[in-house]
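Chemist: If you scroll down you'll find the structure; I have some questions about it.
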Amino acid sequence: MADYKPQSPEEHFALQRTSRAAEVVKAVFEAQQKGNEESRGRDERFYNSLALFSSGTIALTVTYLGYLKNLPNQPIQHSHWLTACWICLLTCILCSLFWLLAYSRYSHYFHEWQTANAQKEQFEVEAKEYPTLARNTVSVQTRLQTSRAEMEGFISNRTEAAATCEKRGKGAKRLENRYLFLWRWLGRFAQASFLGGFALLIAFAAKNT
């Protein structure tokens, strides 16, 4: 409707509302790309670092265990603490890696829901305002003034498209909530297990010093 020239204030405001609805969809797409890149970059670096640090700590404990076994006349104390430390750090690694996958899926469905909702509102606005906008227009097919049947056909198409977007949005919202729950708890488990493993390692080292 870029070349459409409103003939009355009513048509002008109708065009303004439809243009604004289209701009919202465009803004959502732009925010989706920018938000995905910035947030994913920061969080991926953090959890990648957490997984790498945990794996490095496990390697260090193996070396430390070998050192303790080579000490003469000094039995290893509280070895079960070291076993628990390994379990915690392995849990941290797994949760960190699966956190990245869960976050990626959550982010996808979150923006899918936003986009579907914005498109639904756009189609609804177009269906509502089209009778006003098409009042003084000429049909491309018949070269005559746009008929009532053509208007109803356009409105029907937009209404069906809005219903499709609503259905798509509900499905995306349901999956978004599912991955949001998984994403949050994987992050909490990753951080808690790392802190627990590190605390157990310090306690084990203190008892065997």
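Letters A, B, ... mark the chains of the structure tokens in the order given; residue numbers begin at 1 per chain; ligand numbers begin at 1, in order shown.
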Counting only C-alpha atoms, what is within 12 Å of Ala161 in chain A, bar same-chain residues fewer than 2 positions away, as a list in words?
Modeler: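 Skipping anything fewer than 2 positions along the chain leaves Ala116, Asn117, Gln119, Lys120, Glu121, Gln122, Phe123, Glu124, Val125, Glu126, Ala127, Phe154, Ile155, Ser156, Asn157, Arg158, Thr159, Ala163, Thr164, Cys165, Glu166, Lys167 and Arg168 of chain A.
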Chemist: Would you kindly return, as a ChimeraX atom specification, each protein, DNA or RNA residue with an atom no farther than 9 Å from any atom of Leu90 in chain A, considering only C-alpha atoms and excluding same-chain residues fewer than 5 positions away?
Modeler: /A:51,54-55,58,85,95,193-194
Chemist: For Thr57 in chain A, which residue among A:Leu101, A:Ala149, A:Val24, A:Ile93 is the nearest when counting only C-alpha atoms?
Modeler: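 The answer is A:Ile93, which sits nearest to Thr57 in chain A.
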Chemist: Of the candidates A:Tyr130, A:Tyr47, A:Phe53, A:Trp185, which shows the shortest atom-to-atom distance to Leu89 in chain A, using only C-alpha atoms?
Modeler: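 Of the candidates, the smallest distance to Leu89 in chain A is held by A:Phe53.
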Chemist: Neighbouring residues of Cys88 in chain A were defined as those with any atom within 10 Å, considering only C-alpha atoms; residues of the same chain fewer than 2 positions away were excluded. Please report them as a PyMOL selection string.
Modeler: chain A and resi 54+82-86+90-93+189-190+192-198+200
Chemist: Name the residues in contact with Lys207 in chain A at a cut-off of 9 Å, using only C-alpha atoms, excluding same-chain residues fewer than 2 positions from it; report them as an MDAnalysis selection string.
Modeler: chainID A and resid 76:78 202:205 209
Chemist: Nearest residue to Asp43 in chain A out of A:Leu60, A:Leu182, A:Ala206, A:Leu100, using only C-alpha atoms?
Modeler: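 The shortest atom-to-atom distance to Asp43 in chain A comes from A:Leu100.
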Chemist: Please determine, counting only C-alpha atoms, which residue among A:Ser96, A:Tyr179, A:Pro131, A:Trp81 has the shortest atom-to-atom distance to Ala199 in chain A.
Modeler: A:Trp81
Chemist: Would you compute the distance between CA of His108 in chain A and CA of Glu176 in chain A? Give it in Å to one decimal.
Modeler: 8.0 Å
Chemist: Measuring between only C-alpha atoms, which one of A:Gln74, A:Thr18, A:Ser107, A:Thr61 shows the shortest distance to Asn177 in chain A?
Modeler: A:Ser107
Chemist: Rounded to one decimal place, report the CA of Phe110 in chain A-CA of Lys128 in chain A distance in Å.
Modeler: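 Separation between CA of Phe110 in chain A and CA of Lys128 in chain A: 27.3 Å.
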Chemist: Please give the complete set of residues from range 113-202 of chain A that DSSP, run on the backbone, assigns to helix (DSSP H, G or I), formatted as a PyMOL selection string.
Modeler: chain A and resi 113-133+148-202
Chemist: How would the residues just chosen look if you wrote them out with C-alpha atoms as an mmCIF file, in the first residue's frame?
Modeler:
```cif
data_model
loop_
_atom_site.group_PDB
_atom_site.id
_atom_site.type_symbol
_atom_site.label_atom_id
_atom_site.label_comp_id
_atom_site.auth_asym_id
_atom_site.auth_seq_id
_atom_site.Cartn_x
_atom_site.Cartn_y
_atom_site.Cartn_z
ATOM 1 C CA TRP A 113 5.699 -16.743 19.242
ATOM 2 C CA GLN A 114 6.412 -13.002 19.102
ATOM 3 C CA THR A 115 6.530 -13.021 15.321
ATOM 4 C CA ALA A 116 3.321 -15.046 15.009
ATOM 5 C CA ASN A 117 1.540 -12.718 17.431
ATOM 6 C CA ALA A 118 2.702 -9.604 15.565
ATOM 7 C CA GLN A 119 1.662 -11.081 12.214
ATOM 8 C CA LYS A 120 -1.725 -12.037 13.651
ATOM 9 C CA GLU A 121 -2.306 -8.460 14.788
ATOM 10 C CA GLN A 122 -1.174 -7.158 11.400
ATOM 11 C CA PHE A 123 -3.630 -9.394 9.533
ATOM 12 C CA GLU A 124 -6.439 -8.434 11.904
ATOM 13 C CA VAL A 125 -5.772 -4.725 11.395
ATOM 14 C CA GLU A 126 -5.629 -5.166 7.615
ATOM 15 C CA ALA A 127 -8.918 -7.088 7.642
ATOM 16 C CA LYS A 128 -10.555 -4.398 9.755
ATOM 17 C CA GLU A 129 -9.271 -1.404 7.806
ATOM 18 C CA TYR A 130 -9.423 -2.803 4.265
ATOM 19 C CA PRO A 131 -13.070 -1.804 3.587
ATOM 20 C CA THR A 132 -12.113 1.794 4.327
ATOM 21 C CA LEU A 133 -8.894 1.690 2.330
ATOM 22 C CA ARG A 148 -17.968 -5.971 -2.268
ATOM 23 C CA ALA A 149 -17.144 -9.590 -3.139
ATOM 24 C CA GLU A 150 -13.466 -8.736 -3.665
ATOM 25 C CA MET A 151 -13.379 -6.927 -0.349
ATOM 26 C CA GLU A 152 -14.948 -9.875 1.423
ATOM 27 C CA GLY A 153 -12.469 -12.235 -0.248
ATOM 28 C CA PHE A 154 -9.533 -10.151 0.942
ATOM 29 C CA ILE A 155 -10.983 -9.910 4.471
ATOM 30 C CA SER A 156 -11.594 -13.661 4.523
ATOM 31 C CA ASN A 157 -7.998 -14.376 3.485
ATOM 32 C CA ARG A 158 -6.636 -12.065 6.159
ATOM 33 C CA THR A 159 -8.929 -13.561 8.811
ATOM 34 C CA GLU A 160 -7.792 -17.084 7.929
ATOM 35 C CA ALA A 161 -4.159 -15.963 7.986
ATOM 36 C CA ALA A 162 -4.694 -14.400 11.420
ATOM 37 C CA ALA A 163 -6.216 -17.656 12.708
ATOM 38 C CA THR A 164 -3.258 -19.618 11.335
ATOM 39 C CA CYS A 165 -0.818 -17.258 13.032
ATOM 40 C CA GLU A 166 -2.742 -17.569 16.285
ATOM 41 C CA LYS A 167 -2.538 -21.356 16.129
ATOM 42 C CA ARG A 168 1.159 -21.202 15.301
ATOM 43 C CA GLY A 169 1.724 -18.747 18.136
ATOM 44 C CA LYS A 170 0.002 -20.995 20.689
ATOM 45 C CA GLY A 171 2.133 -23.960 19.639
ATOM 46 C CA ALA A 172 5.306 -21.878 19.821
ATOM 47 C CA LYS A 173 4.305 -20.499 23.237
ATOM 48 C CA ARG A 174 3.764 -23.986 24.600
ATOM 49 C CA LEU A 175 7.193 -25.134 23.403
ATOM 50 C CA GLU A 176 8.750 -21.901 24.612
ATOM 51 C CA ASN A 177 7.489 -22.536 28.155
ATOM 52 C CA ARG A 178 8.769 -26.104 28.031
ATOM 53 C CA TYR A 179 12.270 -25.124 26.945
ATOM 54 C CA LEU A 180 12.258 -22.131 29.304
ATOM 55 C CA PHE A 181 11.724 -24.483 32.236
ATOM 56 C CA LEU A 182 14.457 -26.840 30.990
ATOM 57 C CA TRP A 183 16.848 -23.966 30.242
ATOM 58 C CA ARG A 184 16.489 -22.394 33.691
ATOM 59 C CA TRP A 185 16.975 -25.635 35.618
ATOM 60 C CA LEU A 186 19.918 -26.792 33.522
ATOM 61 C CA GLY A 187 21.615 -23.461 34.238
ATOM 62 C CA ARG A 188 20.920 -23.765 37.966
ATOM 63 C CA PHE A 189 22.163 -27.356 38.074
ATOM 64 C CA ALA A 190 25.305 -26.410 36.133
ATOM 65 C CA GLN A 191 26.199 -23.604 38.518
ATOM 66 C CA ALA A 192 25.265 -25.483 41.696
ATOM 67 C CA SER A 193 27.122 -28.654 40.681
ATOM 68 C CA PHE A 194 30.211 -26.658 39.775
ATOM 69 C CA LEU A 195 30.247 -24.901 43.146
ATOM 70 C CA GLY A 196 29.572 -28.192 44.941
ATOM 71 C CA GLY A 197 32.337 -29.987 43.072
ATOM 72 C CA PHE A 198 34.799 -27.198 43.730
ATOM 73 C CA ALA A 199 33.932 -27.156 47.444
ATOM 74 C CA LEU A 200 34.395 -30.938 47.665
ATOM 75 C CA LEU A 201 37.737 -30.673 45.913
ATOM 76 C CA ILE A 202 38.977 -28.042 48.345
#
```
